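Q: Below: one structure in structure tokens.
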Amino acid sequence: MSKIQENALLVKVQIKKWSNTKRDANLSDELAIAKAARTELIRVNKTLIDSPQVKALSKIGGQITNNILRRLCVPWDDGVHLLTVDLIDKFEDELRKKRDYWDELVRELGDEYEAQVNRARIALGDAFDESDYPSRDDVMSRYSISVEYRPLPESNDIRVNLPQHKLDQLKSDVESQVTSRVEQAMETVHDRVVDTLQSLIEGLERHGQKGDDAKRASKFSDNTVNKISELADILPALNITGDPKLTSASNDLLTKLRDLDADELRTDETKRQSTAETAKSIVNNLTGFFD
């Protein structure tokens, strides 16, 4: 297990932001009366300002989670991800770019905030309440991105004054927990490979077909190929246990599917079929699904 501790660490990214909403008790009561509903079951929240910066900041939070953490890491615990040392530079570079844009948007929000509140004064009409609005500095302070790195737990780090049999049990529990979490992490990587390849297979086989309720025929997308190429690049680093099936899949992705051309796949039916068969063979080696 020491090899994993040397080649990976835990990372937690906390993203905090202003909600930009406020419950309006008066509107809630008015709506409940109008609908003959129980007042405690009706909640009306109003958006405080119509701000492009607030919307963009919310999107960045989702992008960090979906496009960085879930792409370059694997889940470990609630809000905590496993990051391999081979991907740390890439992780930090991509996160830095998001944080720079985040900081720029927060500054813009500060510059525009008072004007946006004044526009809300008109847009919300009688629903506008001055007391709903924090100060400019308060709003800006509610936006933050923090990163915490932690080493993976090691049984040798337990140094407490306990009888030896209890100390041995604690160390055994730590090793078991780490082993279990690593196994779950590798299952996540395994599922990611299969899901990405399945999307490729389905996209290739659907291309040019028109469903019963569809307005146009399905078209194979560049994004499907991009995901395969990206997976081929990072899978070796994600395979921290050296799982032989993932190693084989990684080699096949690099040698057989890394340089796919989306335009060629859209125009060449034979190429689509052969590529789908190659992808199926990789999935089959991992799961036996196409046996």
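Ordering of the structure tokens sets the chain letters (A, B, ...); residue numbers start at 1 within each chain; ligands are numbered from 1 in the order shown.
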Please identify all polymer residues within 8 Å of Tyr143 (chain A), counting only C-alpha atoms, omitting same-chain residues fewer than 4 positions from it, and present them as an MDAnalysis selection string.
A: chainID A and resid 15:18 106 139
Q: Convert the current residue selection to file output with N, CA, C and O atoms, as a PDB file, in the first residue's frame.
A:
ATOM      1  N   ILE A  15     -16.002  25.302  -2.725  1.00  0.00           N
ATOM      2  CA  ILE A  15     -16.455  26.438  -3.520  1.00  0.00           C
ATOM      3  C   ILE A  15     -17.632  27.085  -2.780  1.00  0.00           C
ATOM      4  O   ILE A  15     -18.645  26.440  -2.535  1.00  0.00           O
ATOM      5  N   LYS A  16     -17.461  28.348  -2.423  1.00  0.00           N
ATOM      6  CA  LYS A  16     -18.521  29.061  -1.713  1.00  0.00           C
ATOM      7  C   LYS A  16     -18.971  30.247  -2.555  1.00  0.00           C
ATOM      8  O   LYS A  16     -18.148  30.902  -3.204  1.00  0.00           O
ATOM      9  N   LYS A  17     -20.264  30.490  -2.534  1.00  0.00           N
ATOM     10  CA  LYS A  17     -20.790  31.592  -3.345  1.00  0.00           C
ATOM     11  C   LYS A  17     -22.064  32.149  -2.721  1.00  0.00           C
ATOM     12  O   LYS A  17     -22.722  31.494  -1.895  1.00  0.00           O
ATOM     13  N   TRP A  18     -22.395  33.324  -3.142  1.00  0.00           N
ATOM     14  CA  TRP A  18     -23.616  33.998  -2.694  1.00  0.00           C
ATOM     15  C   TRP A  18     -24.807  33.350  -3.376  1.00  0.00           C
ATOM     16  O   TRP A  18     -24.793  33.081  -4.582  1.00  0.00           O
ATOM     17  N   VAL A 106     -15.687  38.138  -9.905  1.00  0.00           N
ATOM     18  CA  VAL A 106     -16.040  38.707  -8.599  1.00  0.00           C
ATOM     19  C   VAL A 106     -15.763  40.211  -8.594  1.00  0.00           C
ATOM     20  O   VAL A 106     -16.567  41.003  -8.076  1.00  0.00           O
ATOM     21  N   VAL A 139     -21.157  40.714  -0.259  1.00  0.00           N
ATOM     22  CA  VAL A 139     -21.408  39.812  -1.382  1.00  0.00           C
ATOM     23  C   VAL A 139     -20.098  39.280  -1.943  1.00  0.00           C
ATOM     24  O   VAL A 139     -19.930  38.067  -2.171  1.00  0.00           O
TER      25      VAL A 139
END
Q: List the spatial neighbours of region 65-72 of chain A as a ChimeraX atom specification - criterion: any atom at most 7 Å away, only C-alpha atoms, same-chain residues fewer than 4 positions off excluded.
A: /A:61,87,91
Q: Extract, using only C-alpha atoms, all DNA, RNA and protein residues at most 12 Å from Thr267 (chain A), discarding same-chain residues fewer than 2 positions from it, and format them as a list in words.
A: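 In the requested form, the answer reads Leu204, His207, Gly208, Lys219, Phe220, Asp261, Ala262, Asp263, Glu264, Leu265, Glu269, Thr270, Lys271, Arg272 and Gln273 of chain A.
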Q: For Pro153 (chain A), list every protein, DNA or RNA residue within 9 Å, evaluated using only C-alpha atoms, and leave out those in the same chain fewer than 5 positions away; present the list as a ChimeraX atom specification.
A: /A:5,174-175,177-178
Q: Here is a test: counting only C-alpha atoms, which residue of A:Asn239, A:Ser144, A:Asn45, A:Ser131 is nearest to Ile60 (chain A)?
A: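 Closest candidate: A:Ser144.
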Q: If you count only C-alpha atoms, which residues fall within 10 Å of Val182 (chain A), apart from same-chain ones fewer than 3 positions away, as a PDB file with N, CA and C atoms, in the first residue's frame?
A:
ATOM      1  N   MET A   1       0.817  -1.209   0.000  1.00  0.00           N
ATOM      2  CA  MET A   1       0.000   0.000   0.000  1.00  0.00           C
ATOM      3  C   MET A   1       0.853   1.261   0.000  1.00  0.00           C
ATOM      4  N   ILE A   4       1.039   3.387  -3.185  1.00  0.00           N
ATOM      5  CA  ILE A   4      -0.089   4.281  -3.464  1.00  0.00           C
ATOM      6  C   ILE A   4       0.070   5.581  -2.675  1.00  0.00           C
ATOM      7  N   VAL A  74     -10.450  10.808  -8.881  1.00  0.00           N
ATOM      8  CA  VAL A  74     -11.478   9.790  -8.646  1.00  0.00           C
ATOM      9  C   VAL A  74     -12.037   9.991  -7.240  1.00  0.00           C
ATOM     10  N   PRO A  75     -13.330   9.717  -7.020  1.00  0.00           N
ATOM     11  CA  PRO A  75     -13.942   9.948  -5.713  1.00  0.00           C
ATOM     12  C   PRO A  75     -13.268   9.128  -4.618  1.00  0.00           C
ATOM     13  N   TRP A  76     -13.160   9.731  -3.447  1.00  0.00           N
ATOM     14  CA  TRP A  76     -12.591   9.044  -2.292  1.00  0.00           C
ATOM     15  C   TRP A  76     -13.567   9.047  -1.122  1.00  0.00           C
ATOM     16  N   LEU A  82      -9.283  11.549  -4.922  1.00  0.00           N
ATOM     17  CA  LEU A  82      -7.930  11.017  -5.018  1.00  0.00           C
ATOM     18  C   LEU A  82      -7.279  11.576  -6.272  1.00  0.00           C
ATOM     19  N   SER A 176      -7.166  -1.486   6.052  1.00  0.00           N
ATOM     20  CA  SER A 176      -8.371  -2.025   5.411  1.00  0.00           C
ATOM     21  C   SER A 176      -9.199  -0.907   4.779  1.00  0.00           C
ATOM     22  N   GLN A 177      -9.318   0.226   5.490  1.00  0.00           N
ATOM     23  CA  GLN A 177     -10.097   1.347   4.963  1.00  0.00           C
ATOM     24  C   GLN A 177      -9.462   1.908   3.697  1.00  0.00           C
ATOM     25  N   VAL A 178      -8.139   2.063   3.716  1.00  0.00           N
ATOM     26  CA  VAL A 178      -7.459   2.594   2.538  1.00  0.00           C
ATOM     27  C   VAL A 178      -7.588   1.620   1.375  1.00  0.00           C
ATOM     28  N   THR A 179      -7.396   0.341   1.653  1.00  0.00           N
ATOM     29  CA  THR A 179      -7.519  -0.672   0.597  1.00  0.00           C
ATOM     30  C   THR A 179      -8.911  -0.657  -0.017  1.00  0.00           C
ATOM     31  N   ALA A 185     -12.194   3.370  -5.779  1.00  0.00           N
ATOM     32  CA  ALA A 185     -11.705   4.364  -6.738  1.00  0.00           C
ATOM     33  C   ALA A 185     -11.404   3.712  -8.079  1.00  0.00           C
ATOM     34  N   MET A 186     -10.798   2.538  -8.051  1.00  0.00           N
ATOM     35  CA  MET A 186     -10.476   1.842  -9.291  1.00  0.00           C
ATOM     36  C   MET A 186     -11.735   1.358 -10.008  1.00  0.00           C
ATOM     37  N   GLU A 187     -12.762   1.020  -9.246  1.00  0.00           N
ATOM     38  CA  GLU A 187     -14.038   0.656  -9.862  1.00  0.00           C
ATOM     39  C   GLU A 187     -14.623   1.860 -10.604  1.00  0.00           C
ATOM     40  N   THR A 188     -14.457   3.044 -10.018  1.00  0.00           N
ATOM     41  CA  THR A 188     -14.931   4.266 -10.673  1.00  0.00           C
ATOM     42  C   THR A 188     -14.185   4.500 -11.976  1.00  0.00           C
ATOM     43  N   ILE A 240      -3.593   3.706 -10.612  1.00  0.00           N
ATOM     44  CA  ILE A 240      -2.549   3.728  -9.588  1.00  0.00           C
ATOM     45  C   ILE A 240      -2.241   2.355  -9.013  1.00  0.00           C
ATOM     46  N   THR A 241      -3.123   1.397  -9.194  1.00  0.00           N
ATOM     47  CA  THR A 241      -2.854   0.055  -8.674  1.00  0.00           C
ATOM     48  C   THR A 241      -2.223  -0.853  -9.724  1.00  0.00           C
TER      49      THR A 241
END
Q: Please run DSSP on the backbone and report, as a tab-separated table (two decimals) with C-alpha atoms, in the first residue's frame, all residues within region 35-281 of chain A that come out as helix (DSSP H, G or I).
A:
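Output (selection-v6.tsv):
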chain	number	residue	atom	x	y	z
A	39	THR	CA	-49.00	28.48	4.24
A	40	GLU	CA	-46.19	26.29	5.62
A	41	LEU	CA	-46.16	24.31	2.36
A	52	PRO	CA	-24.44	37.83	-15.70
A	53	GLN	CA	-21.51	37.67	-13.28
A	54	VAL	CA	-23.51	35.68	-10.70
A	55	LYS	CA	-24.66	33.27	-13.40
A	56	ALA	CA	-21.11	32.85	-14.75
A	57	LEU	CA	-19.73	32.26	-11.25
A	58	SER	CA	-22.28	29.51	-10.68
A	59	LYS	CA	-21.21	27.88	-13.94
A	60	ILE	CA	-17.54	27.96	-12.92
A	61	GLY	CA	-18.37	26.05	-9.76
A	62	GLY	CA	-20.00	23.32	-11.82
A	63	GLN	CA	-17.13	23.31	-14.31
A	64	ILE	CA	-14.56	22.81	-11.55
A	65	THR	CA	-16.54	19.87	-10.22
A	66	ASN	CA	-17.36	18.24	-13.55
A	67	ASN	CA	-14.43	19.16	-15.79
A	68	ILE	CA	-11.55	19.10	-13.32
A	69	LEU	CA	-12.32	17.06	-10.20
A	70	ARG	CA	-14.39	14.35	-11.86
A	71	ARG	CA	-12.15	14.25	-14.92
A	72	LEU	CA	-8.68	14.29	-13.36
A	85	VAL	CA	1.04	12.81	-8.56
A	86	ASP	CA	1.29	12.47	-12.35
A	87	LEU	CA	-1.78	14.69	-12.76
A	88	ILE	CA	-1.05	17.30	-10.09
A	89	ASP	CA	0.50	19.82	-12.49
A	90	LYS	CA	-2.41	19.48	-14.92
A	91	PHE	CA	-4.90	19.72	-12.07
A	92	GLU	CA	-3.33	22.86	-10.63
A	93	ASP	CA	-2.92	24.51	-14.03
A	94	GLU	CA	-6.58	24.00	-14.97
A	95	LEU	CA	-7.80	25.03	-11.53
A	96	ARG	CA	-5.62	28.17	-11.61
A	97	LYS	CA	-7.23	29.25	-14.90
A	98	LYS	CA	-10.71	28.79	-13.43
A	99	ARG	CA	-9.74	30.68	-10.28
A	100	ASP	CA	-8.29	33.57	-12.29
A	101	TYR	CA	-11.56	33.88	-14.22
A	102	TRP	CA	-13.50	33.51	-10.96
A	103	ASP	CA	-11.57	36.40	-9.38
A	104	GLU	CA	-12.15	38.53	-12.47
A	105	LEU	CA	-15.89	37.92	-12.32
A	106	VAL	CA	-16.04	38.71	-8.60
A	107	ARG	CA	-14.35	42.06	-9.28
A	108	GLU	CA	-16.82	42.76	-12.08
A	109	LEU	CA	-19.71	41.86	-9.78
A	110	GLY	CA	-18.39	44.33	-7.21
A	111	ASP	CA	-18.19	47.06	-9.84
A	112	GLU	CA	-21.71	46.37	-11.12
A	113	TYR	CA	-23.46	45.44	-7.87
A	114	GLU	CA	-25.02	48.78	-6.94
A	115	ALA	CA	-26.31	49.32	-10.47
A	116	GLN	CA	-27.77	45.80	-10.50
A	117	VAL	CA	-29.53	46.43	-7.19
A	118	ASN	CA	-31.02	49.62	-8.63
A	119	ARG	CA	-32.29	47.67	-11.64
A	120	ALA	CA	-33.80	45.08	-9.26
A	121	ARG	CA	-35.59	47.92	-7.46
A	122	ILE	CA	-37.54	48.50	-10.67
A	123	ALA	CA	-37.79	44.90	-11.88
A	125	GLY	CA	-41.64	46.30	-8.04
A	126	ASP	CA	-43.45	45.97	-4.71
A	127	ALA	CA	-41.50	42.76	-4.00
A	130	GLU	CA	-33.82	46.94	0.59
A	131	SER	CA	-33.05	44.79	3.65
A	132	ASP	CA	-32.70	41.68	1.45
A	136	ARG	CA	-21.19	45.07	-1.91
A	137	ASP	CA	-18.21	43.95	0.19
A	138	ASP	CA	-20.30	41.30	1.94
A	139	VAL	CA	-21.41	39.81	-1.38
A	140	MET	CA	-17.86	39.73	-2.72
A	141	SER	CA	-16.57	38.08	0.46
A	155	SER	CA	-1.01	2.82	9.52
A	156	ASN	CA	2.56	3.77	10.51
A	157	ASP	CA	1.29	7.26	11.37
A	164	GLN	CA	-0.09	-3.41	21.46
A	165	HIS	CA	-3.10	-5.53	20.53
A	166	LYS	CA	-5.29	-2.40	20.30
A	167	LEU	CA	-2.63	-0.55	18.33
A	168	ASP	CA	-2.33	-3.47	15.91
A	169	GLN	CA	-6.09	-3.45	15.44
A	170	LEU	CA	-6.12	0.29	14.70
A	171	LYS	CA	-3.36	-0.11	12.13
A	172	SER	CA	-5.20	-3.01	10.54
A	173	ASP	CA	-8.39	-0.93	10.36
A	174	VAL	CA	-6.56	1.95	8.64
A	175	GLU	CA	-5.00	-0.38	6.08
A	176	SER	CA	-8.37	-2.03	5.41
A	177	GLN	CA	-10.10	1.35	4.96
A	178	VAL	CA	-7.46	2.59	2.54
A	179	THR	CA	-7.52	-0.67	0.60
A	180	SER	CA	-11.32	-0.55	0.35
A	181	ARG	CA	-11.32	3.09	-0.78
A	182	VAL	CA	-8.65	2.43	-3.40
A	183	GLU	CA	-10.63	-0.53	-4.73
A	184	GLN	CA	-13.75	1.68	-4.98
A	185	ALA	CA	-11.70	4.36	-6.74
A	186	MET	CA	-10.48	1.84	-9.29
A	187	GLU	CA	-14.04	0.66	-9.86
A	188	THR	CA	-14.93	4.27	-10.67
A	189	VAL	CA	-12.07	4.46	-13.19
A	190	HIS	CA	-13.17	1.11	-14.66
A	191	ASP	CA	-16.75	2.39	-15.04
A	192	ARG	CA	-15.52	5.61	-16.61
A	193	VAL	CA	-13.60	3.73	-19.29
A	194	VAL	CA	-16.60	1.55	-20.07
A	195	ASP	CA	-19.04	4.49	-20.13
A	196	THR	CA	-16.79	6.52	-22.43
A	197	LEU	CA	-16.36	3.62	-24.84
A	198	GLN	CA	-20.08	2.81	-24.74
A	199	SER	CA	-20.83	6.42	-25.71
A	200	LEU	CA	-18.43	6.06	-28.63
A	201	ILE	CA	-20.03	2.78	-29.75
A	202	GLU	CA	-23.57	4.14	-29.47
A	203	GLY	CA	-22.66	7.35	-31.29
A	204	LEU	CA	-21.05	5.41	-34.14
A	205	GLU	CA	-23.98	3.04	-34.48
A	206	ARG	CA	-26.61	5.82	-34.30
A	222	ASP	CA	-16.45	15.69	-32.22
A	223	ASN	CA	-16.88	15.66	-28.44
A	224	THR	CA	-17.17	11.87	-28.41
A	225	VAL	CA	-13.77	11.56	-30.08
A	226	ASN	CA	-12.26	14.22	-27.83
A	227	LYS	CA	-13.29	12.28	-24.73
A	228	ILE	CA	-11.64	9.12	-26.06
A	229	SER	CA	-8.41	11.01	-26.78
A	230	GLU	CA	-8.41	12.63	-23.35
A	231	LEU	CA	-9.08	9.31	-21.62
A	232	ALA	CA	-6.19	7.72	-23.50
A	233	ASP	CA	-3.90	10.48	-22.19
A	234	ILE	CA	-4.83	10.32	-18.50
A	235	LEU	CA	-5.81	6.67	-17.95
A	236	PRO	CA	-2.22	5.51	-17.28
A	237	ALA	CA	-1.99	8.04	-14.44
A	238	LEU	CA	-5.39	7.06	-13.01
A	244	PRO	CA	-3.88	-5.37	-15.62
A	245	LYS	CA	-7.27	-4.94	-17.31
A	246	LEU	CA	-7.00	-1.16	-17.11
A	247	THR	CA	-3.40	-1.35	-18.33
A	248	SER	CA	-4.56	-3.37	-21.34
A	249	ALA	CA	-7.42	-0.94	-21.99
A	250	SER	CA	-5.01	1.98	-21.70
A	251	ASN	CA	-2.63	0.42	-24.22
A	252	ASP	CA	-5.47	-0.28	-26.63
A	253	LEU	CA	-6.80	3.27	-26.34
A	254	LEU	CA	-3.36	4.70	-27.05
A	255	THR	CA	-2.58	2.43	-29.99
A	256	LYS	CA	-5.98	1.90	-31.58
A	257	LEU	CA	-8.34	4.77	-30.73
A	262	ALA	CA	-14.47	12.65	-36.30
A	263	ASP	CA	-14.93	13.91	-39.87
A	264	GLU	CA	-13.66	10.63	-41.28
A	265	LEU	CA	-15.95	8.64	-39.01
A	266	ARG	CA	-18.96	10.67	-40.12
A	267	THR	CA	-18.30	10.03	-43.80
A	269	GLU	CA	-19.29	3.76	-42.76
A	270	THR	CA	-16.62	1.05	-42.92
A	271	LYS	CA	-14.40	3.08	-40.57
A	272	ARG	CA	-17.31	3.56	-38.17
A	273	GLN	CA	-17.99	-0.15	-38.08
A	274	SER	CA	-14.35	-1.13	-37.53
A	275	THR	CA	-13.92	1.53	-34.82
A	276	ALA	CA	-17.06	0.33	-33.04
A	277	GLU	CA	-15.76	-3.24	-33.14
A	278	THR	CA	-12.43	-2.13	-31.69
A	279	ALA	CA	-14.21	-0.26	-28.89
A	280	LYS	CA	-16.39	-3.30	-28.20
A	281	SER	CA	-13.33	-5.51	-27.90
Q: What's the separation between CA of Arg23 (chain A) and CA of Arg43 (chain A), in Å to one decimal place?
A: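 Separating CA of Arg23 (chain A) from CA of Arg43 (chain A) is a distance of 6.9 Å.
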Q: Taking only C-alpha atoms into account, name the residue in A:Ala217, A:Val283, A:Ala36, A:Leu152 that is nearest to Glu6 (chain A).
A: A:Leu152
Q: I'd like the contact shell of Lys12 (chain A) - 8 Å cut-off, only C-alpha atoms, skipping same-chain residues fewer than 2 positions apart - returned as a ChimeraX atom specification.
A: /A:10,14,79-81,147-149
Q: For the residues selected in the previous step, produce a file with N, CA and C atoms as a PDB file, in the first residue's frame.
A:
ATOM      1  N   LEU A  10      -4.822  13.125  -1.419  1.00  0.00           N
ATOM      2  CA  LEU A  10      -6.235  13.493  -1.385  1.00  0.00           C
ATOM      3  C   LEU A  10      -6.365  15.000  -1.552  1.00  0.00           C
ATOM      4  N   GLN A  14     -13.229  23.400  -1.967  1.00  0.00           N
ATOM      5  CA  GLN A  14     -14.456  23.993  -1.440  1.00  0.00           C
ATOM      6  C   GLN A  14     -14.784  25.255  -2.219  1.00  0.00           C
ATOM      7  N   GLY A  79     -16.887  14.798  -0.783  1.00  0.00           N
ATOM      8  CA  GLY A  79     -16.189  16.031  -1.096  1.00  0.00           C
ATOM      9  C   GLY A  79     -14.693  15.899  -1.243  1.00  0.00           C
ATOM     10  N   VAL A  80     -14.164  14.699  -1.112  1.00  0.00           N
ATOM     11  CA  VAL A  80     -12.724  14.461  -1.194  1.00  0.00           C
ATOM     12  C   VAL A  80     -12.433  13.557  -2.385  1.00  0.00           C
ATOM     13  N   HIS A  81     -11.372  13.884  -3.142  1.00  0.00           N
ATOM     14  CA  HIS A  81     -11.006  13.108  -4.315  1.00  0.00           C
ATOM     15  C   HIS A  81      -9.558  12.639  -4.219  1.00  0.00           C
ATOM     16  N   VAL A 147      -8.476  25.127  -1.670  1.00  0.00           N
ATOM     17  CA  VAL A 147      -7.985  23.791  -1.987  1.00  0.00           C
ATOM     18  C   VAL A 147      -7.199  23.258  -0.796  1.00  0.00           C
ATOM     19  N   GLU A 148      -7.505  22.036  -0.416  1.00  0.00           N
ATOM     20  CA  GLU A 148      -6.804  21.390   0.695  1.00  0.00           C
ATOM     21  C   GLU A 148      -6.243  20.055   0.217  1.00  0.00           C
ATOM     22  N   TYR A 149      -4.946  19.873   0.402  1.00  0.00           N
ATOM     23  CA  TYR A 149      -4.301  18.606   0.065  1.00  0.00           C
ATOM     24  C   TYR A 149      -4.033  17.818   1.355  1.00  0.00           C
TER      25      TYR A 149
END
Q: Could you find all residues in region 53-239 of chain A that DSSP calls strand (DSSP E or B) from the backbone, and write them as an mmCIF file with N, CA, C and O atoms, in the first residue's frame?
A:
data_model
loop_
_atom_site.group_PDB
_atom_site.id
_atom_site.type_symbol
_atom_site.label_atom_id
_atom_site.label_comp_id
_atom_site.auth_asym_id
_atom_site.auth_seq_id
_atom_site.Cartn_x
_atom_site.Cartn_y
_atom_site.Cartn_z
ATOM 1 N N VAL A 74 -10.450 10.808 -8.881
ATOM 2 C CA VAL A 74 -11.478 9.790 -8.646
ATOM 3 C C VAL A 74 -12.037 9.991 -7.240
ATOM 4 O O VAL A 74 -11.317 10.450 -6.338
ATOM 5 N N PRO A 75 -13.330 9.717 -7.020
ATOM 6 C CA PRO A 75 -13.942 9.948 -5.713
ATOM 7 C C PRO A 75 -13.268 9.128 -4.618
ATOM 8 O O PRO A 75 -12.891 7.975 -4.831
ATOM 9 N N TRP A 76 -13.160 9.731 -3.447
ATOM 10 C CA TRP A 76 -12.591 9.044 -2.292
ATOM 11 C C TRP A 76 -13.567 9.047 -1.122
ATOM 12 O O TRP A 76 -13.897 8.019 -0.569
ATOM 13 N N ASP A 77 -14.012 10.233 -0.741
ATOM 14 C CA ASP A 77 -14.959 10.378 0.364
ATOM 15 C C ASP A 77 -15.848 11.565 0.029
ATOM 16 O O ASP A 77 -15.696 12.181 -1.029
ATOM 17 N N VAL A 80 -14.164 14.699 -1.112
ATOM 18 C CA VAL A 80 -12.724 14.461 -1.194
ATOM 19 C C VAL A 80 -12.433 13.557 -2.385
ATOM 20 O O VAL A 80 -13.155 12.589 -2.624
ATOM 21 N N HIS A 81 -11.372 13.884 -3.142
ATOM 22 C CA HIS A 81 -11.006 13.108 -4.315
ATOM 23 C C HIS A 81 -9.558 12.639 -4.219
ATOM 24 O O HIS A 81 -8.727 13.261 -3.549
ATOM 25 N N LEU A 82 -9.283 11.549 -4.922
ATOM 26 C CA LEU A 82 -7.930 11.017 -5.018
ATOM 27 C C LEU A 82 -7.279 11.576 -6.272
ATOM 28 O O LEU A 82 -7.833 11.495 -7.368
ATOM 29 N N LEU A 83 -6.098 12.169 -6.104
ATOM 30 C CA LEU A 83 -5.368 12.789 -7.212
ATOM 31 C C LEU A 83 -3.986 12.157 -7.302
ATOM 32 O O LEU A 83 -3.244 12.150 -6.315
ATOM 33 N N THR A 84 -3.631 11.625 -8.463
ATOM 34 C CA THR A 84 -2.315 11.018 -8.624
ATOM 35 C C THR A 84 -1.264 12.096 -8.857
ATOM 36 O O THR A 84 -1.553 13.164 -9.410
ATOM 37 N N SER A 144 -15.563 32.275 -2.745
ATOM 38 C CA SER A 144 -14.202 31.793 -2.491
ATOM 39 C C SER A 144 -14.031 30.382 -3.048
ATOM 40 O O SER A 144 -14.993 29.614 -3.164
ATOM 41 N N ILE A 145 -12.794 30.089 -3.403
ATOM 42 C CA ILE A 145 -12.400 28.729 -3.800
ATOM 43 C C ILE A 145 -11.172 28.374 -2.973
ATOM 44 O O ILE A 145 -10.160 29.082 -3.021
ATOM 45 N N SER A 146 -11.246 27.310 -2.213
ATOM 46 C CA SER A 146 -10.105 26.874 -1.416
ATOM 47 C C SER A 146 -9.752 25.430 -1.751
ATOM 48 O O SER A 146 -10.628 24.627 -2.099
ATOM 49 N N VAL A 147 -8.476 25.127 -1.670
ATOM 50 C CA VAL A 147 -7.985 23.791 -1.987
ATOM 51 C C VAL A 147 -7.199 23.258 -0.796
ATOM 52 O O VAL A 147 -6.335 23.951 -0.245
ATOM 53 N N GLU A 148 -7.505 22.036 -0.416
ATOM 54 C CA GLU A 148 -6.804 21.390 0.695
ATOM 55 C C GLU A 148 -6.243 20.055 0.217
ATOM 56 O O GLU A 148 -6.976 19.224 -0.315
ATOM 57 N N TYR A 149 -4.946 19.873 0.402
ATOM 58 C CA TYR A 149 -4.301 18.606 0.065
ATOM 59 C C TYR A 149 -4.033 17.818 1.355
ATOM 60 O O TYR A 149 -3.659 18.396 2.375
ATOM 61 N N ARG A 150 -4.209 16.519 1.257
ATOM 62 C CA ARG A 150 -3.930 15.655 2.401
ATOM 63 C C ARG A 150 -3.203 14.404 1.917
ATOM 64 O O ARG A 150 -3.476 13.914 0.821
#
Q: A:Leu124, A:Cys73, A:Ile282, A:Leu48: which is nearest Asn20 (chain A), counting only C-alpha atoms?
A: A:Leu48
